[in-house]
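The file coords.tsv contains TSV, C-alpha atoms:
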chain	number	residue	atom	x	y	z
A	1	MET	CA	10.69	-25.23	-19.09
A	2	THR	CA	13.12	-27.88	-20.22
A	3	GLU	CA	16.05	-25.60	-20.99
A	4	ASN	CA	19.22	-25.52	-18.92
A	5	VAL	CA	19.21	-22.28	-16.93
A	6	LEU	CA	22.21	-20.33	-15.64
A	7	ILE	CA	21.82	-17.32	-13.33
A	8	VAL	CA	24.56	-14.73	-13.83
A	9	ILE	CA	24.98	-11.82	-11.40
A	10	PRO	CA	27.02	-8.89	-12.76
A	11	ALA	CA	28.88	-6.95	-10.09
A	12	ARG	CA	31.28	-4.02	-10.22
A	13	LEU	CA	33.05	-2.11	-7.48
A	14	ALA	CA	32.66	1.37	-8.96
A	15	SER	CA	29.73	3.25	-7.41
A	16	THR	CA	29.64	6.98	-6.79
A	17	ARG	CA	26.95	6.88	-4.08
A	18	LEU	CA	28.08	3.73	-2.27
A	19	PRO	CA	31.77	2.94	-2.82
A	20	ASP	CA	32.67	-0.75	-3.10
A	21	LYS	CA	28.95	-1.51	-3.03
A	22	PRO	CA	29.09	-5.29	-3.70
A	23	LEU	CA	31.38	-5.76	-0.70
A	24	ALA	CA	29.31	-3.66	1.72
A	25	GLU	CA	28.55	-5.62	4.90
A	26	LEU	CA	24.95	-6.77	5.02
A	27	CYS	CA	23.76	-8.99	7.87
A	28	GLY	CA	27.06	-10.81	8.27
A	29	ALA	CA	28.07	-11.12	4.62
A	30	PRO	CA	29.02	-8.91	1.67
A	31	MET	CA	25.99	-7.71	-0.24
A	32	ILE	CA	27.00	-9.68	-3.35
A	33	VAL	CA	26.95	-12.84	-1.25
A	34	GLN	CA	23.42	-12.07	-0.08
A	35	VAL	CA	22.32	-11.68	-3.72
A	36	PHE	CA	24.09	-14.94	-4.55
A	37	ARG	CA	22.17	-16.66	-1.74
A	38	ARG	CA	18.80	-15.41	-3.05
A	39	ALA	CA	19.73	-16.74	-6.50
A	40	VAL	CA	20.66	-20.14	-5.09
A	41	GLU	CA	17.38	-20.22	-3.13
A	42	ALA	CA	15.47	-19.75	-6.42
A	43	GLY	CA	16.54	-23.30	-7.31
A	44	ILE	CA	16.40	-22.93	-11.09
A	45	GLY	CA	20.03	-23.63	-11.97
A	46	PRO	CA	23.64	-22.88	-11.09
A	47	VAL	CA	24.68	-19.36	-10.14
A	48	LEU	CA	27.71	-17.50	-11.49
A	49	VAL	CA	28.95	-14.05	-10.47
A	50	ALA	CA	30.45	-11.92	-13.24
A	51	ALA	CA	32.87	-9.72	-11.29
A	52	ASP	CA	34.87	-6.74	-12.48
A	53	GLY	CA	37.75	-7.55	-10.16
A	54	PRO	CA	39.31	-10.21	-7.93
A	55	GLU	CA	37.91	-8.83	-4.67
A	56	ILE	CA	34.32	-9.66	-5.59
A	57	ALA	CA	35.30	-13.05	-6.99
A	58	ALA	CA	37.17	-13.88	-3.78
A	59	ALA	CA	34.13	-13.04	-1.63
A	60	ILE	CA	31.91	-15.33	-3.70
A	61	ARG	CA	34.39	-18.18	-3.72
A	62	GLN	CA	34.80	-17.91	0.05
A	63	ALA	CA	31.00	-18.32	0.28
A	64	GLY	CA	31.19	-21.48	-1.80
A	65	GLY	CA	30.11	-19.95	-5.11
A	66	GLU	CA	31.60	-19.59	-8.57
A	67	ALA	CA	32.81	-16.37	-10.14
A	68	VAL	CA	34.46	-15.18	-13.34
A	69	VAL	CA	36.57	-12.01	-13.42
A	70	THR	CA	35.67	-9.90	-16.45
A	71	ASP	CA	37.16	-6.78	-18.02
A	72	PRO	CA	36.41	-3.83	-15.69
A	73	ASP	CA	35.95	-1.56	-18.71
A	74	LEU	CA	32.94	-3.40	-20.12
A	75	PRO	CA	30.17	-0.84	-20.76
A	76	SER	CA	27.17	-2.60	-19.20
A	77	GLY	CA	25.94	-5.46	-17.05
A	78	SER	CA	24.69	-7.25	-20.15
A	79	ASP	CA	28.15	-7.14	-21.69
A	80	ARG	CA	29.59	-8.41	-18.41
A	81	ILE	CA	27.27	-11.41	-18.18
A	82	PHE	CA	27.93	-12.26	-21.83
A	83	ALA	CA	31.69	-12.15	-21.28
A	84	ALA	CA	31.34	-14.37	-18.22
A	85	LEU	CA	29.11	-16.78	-20.13
A	86	GLN	CA	31.65	-17.16	-22.94
A	87	SER	CA	34.37	-17.95	-20.42
A	88	TYR	CA	32.28	-20.26	-18.22
A	89	ASP	CA	30.28	-22.13	-20.85
A	90	PRO	CA	32.13	-22.36	-24.17
A	91	GLY	CA	30.36	-25.67	-24.82
A	92	ARG	CA	26.97	-23.90	-24.84
A	93	ARG	CA	25.35	-26.10	-22.24
A	94	TYR	CA	23.03	-23.34	-21.00
A	95	ASP	CA	20.08	-22.23	-23.13
A	96	VAL	CA	18.60	-19.57	-20.83
A	97	ILE	CA	20.60	-16.90	-19.01
A	98	VAL	CA	19.02	-15.02	-16.10
A	99	ASN	CA	20.59	-11.62	-15.48
A	100	LEU	CA	20.08	-10.84	-11.78
A	101	GLN	CA	21.41	-7.45	-10.72
A	102	GLY	CA	24.01	-7.50	-7.98
A	103	ASP	CA	22.29	-4.79	-5.90
A	104	LEU	CA	19.03	-6.67	-5.19
A	105	PRO	CA	19.79	-8.51	-1.92
A	106	THR	CA	16.13	-8.56	-0.83
A	107	ILE	CA	14.68	-10.07	-4.01
A	108	ASP	CA	12.18	-12.86	-3.42
A	109	PRO	CA	13.55	-16.11	-4.87
A	110	ALA	CA	10.01	-16.81	-6.12
A	111	SER	CA	10.29	-13.73	-8.33
A	112	VAL	CA	13.50	-15.08	-9.84
A	113	ARG	CA	11.66	-18.30	-10.65
A	114	ALA	CA	8.72	-16.37	-12.08
A	115	SER	CA	10.95	-14.69	-14.65
A	116	LEU	CA	11.18	-17.96	-16.58
A	117	ALA	CA	7.43	-18.35	-17.13
A	118	PRO	CA	7.12	-16.19	-20.28
A	119	LEU	CA	9.81	-18.25	-22.03
A	120	ALA	CA	7.37	-21.16	-22.21
A	121	ASN	CA	6.18	-19.33	-25.34
A	122	PRO	CA	8.86	-19.94	-27.99
A	123	ALA	CA	8.07	-16.57	-29.60
A	124	VAL	CA	9.44	-14.70	-26.56
A	125	ASP	CA	13.09	-13.63	-26.78
A	126	ILE	CA	13.48	-12.02	-23.35
A	127	ALA	CA	11.40	-12.20	-20.17
A	128	THR	CA	11.40	-9.68	-17.36
A	129	LEU	CA	9.39	-8.65	-14.28
A	130	ALA	CA	7.18	-5.82	-13.05
A	131	ALA	CA	4.86	-5.09	-10.14
A	132	ARG	CA	1.78	-2.89	-9.93
A	133	ILE	CA	2.53	0.59	-8.62
A	134	ALA	CA	0.71	1.14	-5.35
A	135	ARG	CA	2.14	4.51	-4.23
A	136	ASP	CA	1.02	7.63	-6.11
A	137	GLU	CA	4.44	9.27	-5.86
A	138	GLU	CA	5.97	6.43	-7.86
A	139	ARG	CA	3.68	7.16	-10.80
A	140	MET	CA	5.48	10.47	-11.39
A	141	ASP	CA	9.00	9.44	-10.32
A	142	PRO	CA	11.43	9.23	-13.28
A	143	ASN	CA	13.60	6.86	-11.24
A	144	VAL	CA	10.72	4.35	-11.33
A	145	VAL	CA	10.78	2.79	-14.80
A	146	LYS	CA	7.34	1.90	-16.11
A	147	ALA	CA	6.66	-1.17	-18.22
A	148	VAL	CA	3.97	-0.48	-20.80
A	149	GLY	CA	2.41	-3.44	-22.52
A	150	SER	CA	-0.63	-5.31	-23.79
A	151	PRO	CA	-2.16	-7.76	-21.29
A	152	ILE	CA	-1.87	-11.34	-22.56
A	153	GLY	CA	-2.92	-13.10	-19.38
A	154	PRO	CA	-3.83	-12.44	-15.75
A	155	SER	CA	-0.18	-11.89	-14.77
A	156	ARG	CA	1.58	-11.08	-18.03
A	157	LEU	CA	2.14	-8.26	-20.50
A	158	ARG	CA	3.68	-8.20	-23.92
A	159	ALA	CA	6.04	-5.23	-23.64
A	160	LEU	CA	5.47	-2.35	-26.02
A	161	TYR	CA	7.68	0.21	-24.31
A	162	PHE	CA	9.61	1.07	-21.15
A	163	THR	CA	9.78	4.65	-19.95
A	164	ARG	CA	10.68	6.96	-17.09
A	165	ALA	CA	7.57	9.01	-17.86
A	166	THR	CA	4.12	8.38	-16.39
A	167	ALA	CA	2.62	5.96	-18.88
A	168	PRO	CA	0.21	4.89	-20.16
A	169	TRP	CA	-2.16	7.83	-19.75
A	170	GLY	CA	-5.66	7.37	-18.35
A	171	GLU	CA	-7.28	5.19	-15.74
A	172	GLY	CA	-5.75	1.86	-14.84
A	173	ASP	CA	-2.70	0.22	-13.38
A	174	LEU	CA	0.87	1.34	-13.93
A	175	PHE	CA	3.67	-1.19	-13.64
A	176	HIS	CA	7.04	-0.71	-11.96
A	177	HIS	CA	9.68	-2.49	-14.03
A	178	ILE	CA	12.11	-4.74	-12.14
A	179	GLY	CA	15.52	-5.00	-13.79
A	180	LEU	CA	15.85	-8.77	-13.97
A	181	TYR	CA	15.98	-10.46	-17.38
A	182	ALA	CA	15.77	-14.05	-18.59
A	183	TYR	CA	17.34	-14.27	-22.05
A	184	ARG	CA	17.30	-17.08	-24.52
A	185	ARG	CA	20.97	-17.52	-25.26
A	186	ALA	CA	20.55	-16.55	-28.91
A	187	ALA	CA	18.68	-13.40	-27.85
A	188	LEU	CA	21.49	-12.38	-25.49
A	189	GLU	CA	24.05	-12.93	-28.24
A	190	ARG	CA	22.02	-10.80	-30.63
A	191	PHE	CA	21.38	-8.10	-28.04
A	192	VAL	CA	25.01	-7.48	-27.07
A	193	ALA	CA	25.98	-7.30	-30.76
A	194	LEU	CA	23.51	-4.45	-31.41
A	195	PRO	CA	24.63	-0.82	-31.14
A	196	PRO	CA	22.87	1.39	-28.57
A	197	SER	CA	19.59	2.62	-30.00
A	198	ALA	CA	18.14	6.13	-30.18
A	199	LEU	CA	15.43	5.59	-27.57
A	200	GLU	CA	17.83	3.68	-25.33
A	201	ARG	CA	20.15	6.68	-25.28
A	202	ARG	CA	17.29	9.11	-24.72
A	203	GLU	CA	15.57	7.22	-21.89
A	204	LYS	CA	18.81	5.65	-20.59
A	205	LEU	CA	17.08	2.25	-20.64
A	206	GLU	CA	19.04	-0.60	-22.18
A	207	GLN	CA	16.01	-2.83	-22.80
A	208	LEU	CA	14.70	-0.39	-25.42
A	209	ARG	CA	17.52	-1.54	-27.68
A	210	ALA	CA	15.90	-4.96	-27.88
A	211	LEU	CA	12.42	-3.58	-28.59
A	212	GLU	CA	13.73	-1.23	-31.28
A	213	ALA	CA	15.43	-4.20	-32.94
A	214	GLY	CA	12.11	-6.09	-33.07
A	215	MET	CA	12.85	-8.52	-30.24
A	216	ARG	CA	9.91	-9.67	-28.14
A	217	ILE	CA	9.94	-9.01	-24.39
A	218	ASP	CA	7.18	-10.38	-22.16
A	219	VAL	CA	6.68	-9.16	-18.61
A	220	GLU	CA	5.62	-11.37	-15.71
A	221	ILE	CA	3.73	-9.48	-13.01
A	222	VAL	CA	4.89	-10.25	-9.45
A	223	ASP	CA	3.69	-8.99	-6.09
A	224	THR	CA	6.62	-6.92	-4.82
A	225	VAL	CA	9.48	-4.74	-6.01
A	226	PRO	CA	12.83	-5.65	-4.42
A	227	LEU	CA	14.88	-2.89	-2.83
A	228	GLY	CA	17.71	-1.76	-5.06
A	229	VAL	CA	20.68	-0.72	-2.93
A	230	ASP	CA	22.34	2.44	-4.27
A	231	THR	CA	23.02	4.55	-1.15
A	232	PRO	CA	24.02	4.07	2.50
A	233	ALA	CA	20.37	4.68	3.43
A	234	ASP	CA	19.28	1.89	1.09
A	235	LEU	CA	21.85	-0.40	2.68
A	236	GLU	CA	20.41	0.29	6.12
A	237	ARG	CA	16.89	-0.44	4.84
A	238	ALA	CA	18.13	-3.72	3.36
A	239	ARG	CA	19.62	-4.68	6.75
A	240	LYS	CA	16.25	-4.16	8.41
A	241	ILE	CA	14.44	-6.16	5.73
A	242	LEU	CA	16.84	-9.11	5.90
A	243	ASP	CA	16.93	-9.02	9.71
A	244	GLY	CA	13.13	-9.20	9.72
A	245	SER	CA	13.11	-12.09	7.26
A	246	SER	CA	15.61	-14.09	9.32
A	247	GLN	CA	13.47	-13.71	12.43
A	248	LYS	CA	10.31	-15.13	10.82
Rewritten as structure tokens:
Amino acid sequence: MTENVLIVIPARLASTRLPDKPLAELCGAPMIVQVFRRAVEAGIGPVLVAADGPEIAAAIRQAGGEAVVTDPDLPSGSDRIFAALQSYDPGRRYDVIVNLQGDLPTIDPASVRASLAPLANPAVDIATLAARIARDEERMDPNVVKAVGSPIGPSRLRALYFTRATAPWGEGDLFHHIGLYAYRRAALERFVALPPSALERREKLEQLRALEAGMRIDVEIVDTVPLGVDTPADLERARKILDGSSQK
């Protein structure tokens, strides 16, 4: 990869199950700062937080990072990272934008790096991640999004669909989609200009908009699924995971 890469972390305060989630204390720092640290540890380029208010931006700046305050009424994380990109990089220095969700404080920095690998193929518009499902209960869980695709290498799929259903049918691996995306800049610009698609609205999965528009998404298979923090119980689990990592 020779492109200039920028990691953008969208973060918003509104959360029904965990109020002020990005600022929740997690092992001595706000959760958004822990995500920022994992992004920095990936070592693929500068890291920018796209905040929906000054409180998040202040926490990142106090930790030595950069943040842009975006309109709190933006409809999605993709719109938020695009707004931040326009403000931060009007000169179009960055060719690849990695969208790292702000509620993944335990993500392995190696997984962030792995998301860039599919973009070595110039035909790929967007790259993302998945891991093999190991627990039977996840195969049926609609909260576990499955990536369905054609194998094009030992650790890669060409995405055909994403679904909350159990798919594909029959014997074989199922893949748990991880909501991290590496966009070519032109692909991000095209994506945010598209209206929500029919399958996107039905499945409540934003990435289906890109597939329905004919954009190519390749999926890099990684070893583990990071914990997404949505509830107080998730936050406590994240504390135990990060405490264990710091003691190794």
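Minimum atom-to-atom distance to Thr231 in chain A, evaluated using all atoms listed in the file, belongs to A:Asp103 out of A:Asp103, A:Ala67, A:Ala130, A:Arg37.
Comparing the minimum interatomic distances between Ile241 in chain A and each of A:Pro10, A:Ser78, A:Phe175, A:Leu104, counting only C-alpha atoms, we find that A:Leu104 sits nearest.
Pairwise distance (CA of Asp230 in chain A, CA of Ala167 in chain A) equals 24.8 Å.
CA of Glu206 in chain A sits 26.9 Å away from CA of Ile60 in chain A.
Shortest separation to Leu205 in chain A among A:Ser76, A:Ser150, A:Thr224, A:Gln101 occurs at residue A:Ser76, atoms counted being all atoms listed in the file.
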- [ ] Grab the CA of Thr163 in chain A to CA of Gly179 in chain A distance for me, in Å with one decimal place.
- [x] 12.8 Å
Open item on the list: List as a list in words the residues having at least one atom at most 7 Å from position (28.3, -15.1, -9.6) as given in the file, counting all atoms listed in the file.
Closed with: Val8, Ile9, Phe36, Val47, Leu48, Val49, Ala50, Ile60, Gly65, Glu66 and Ala67 of chain A
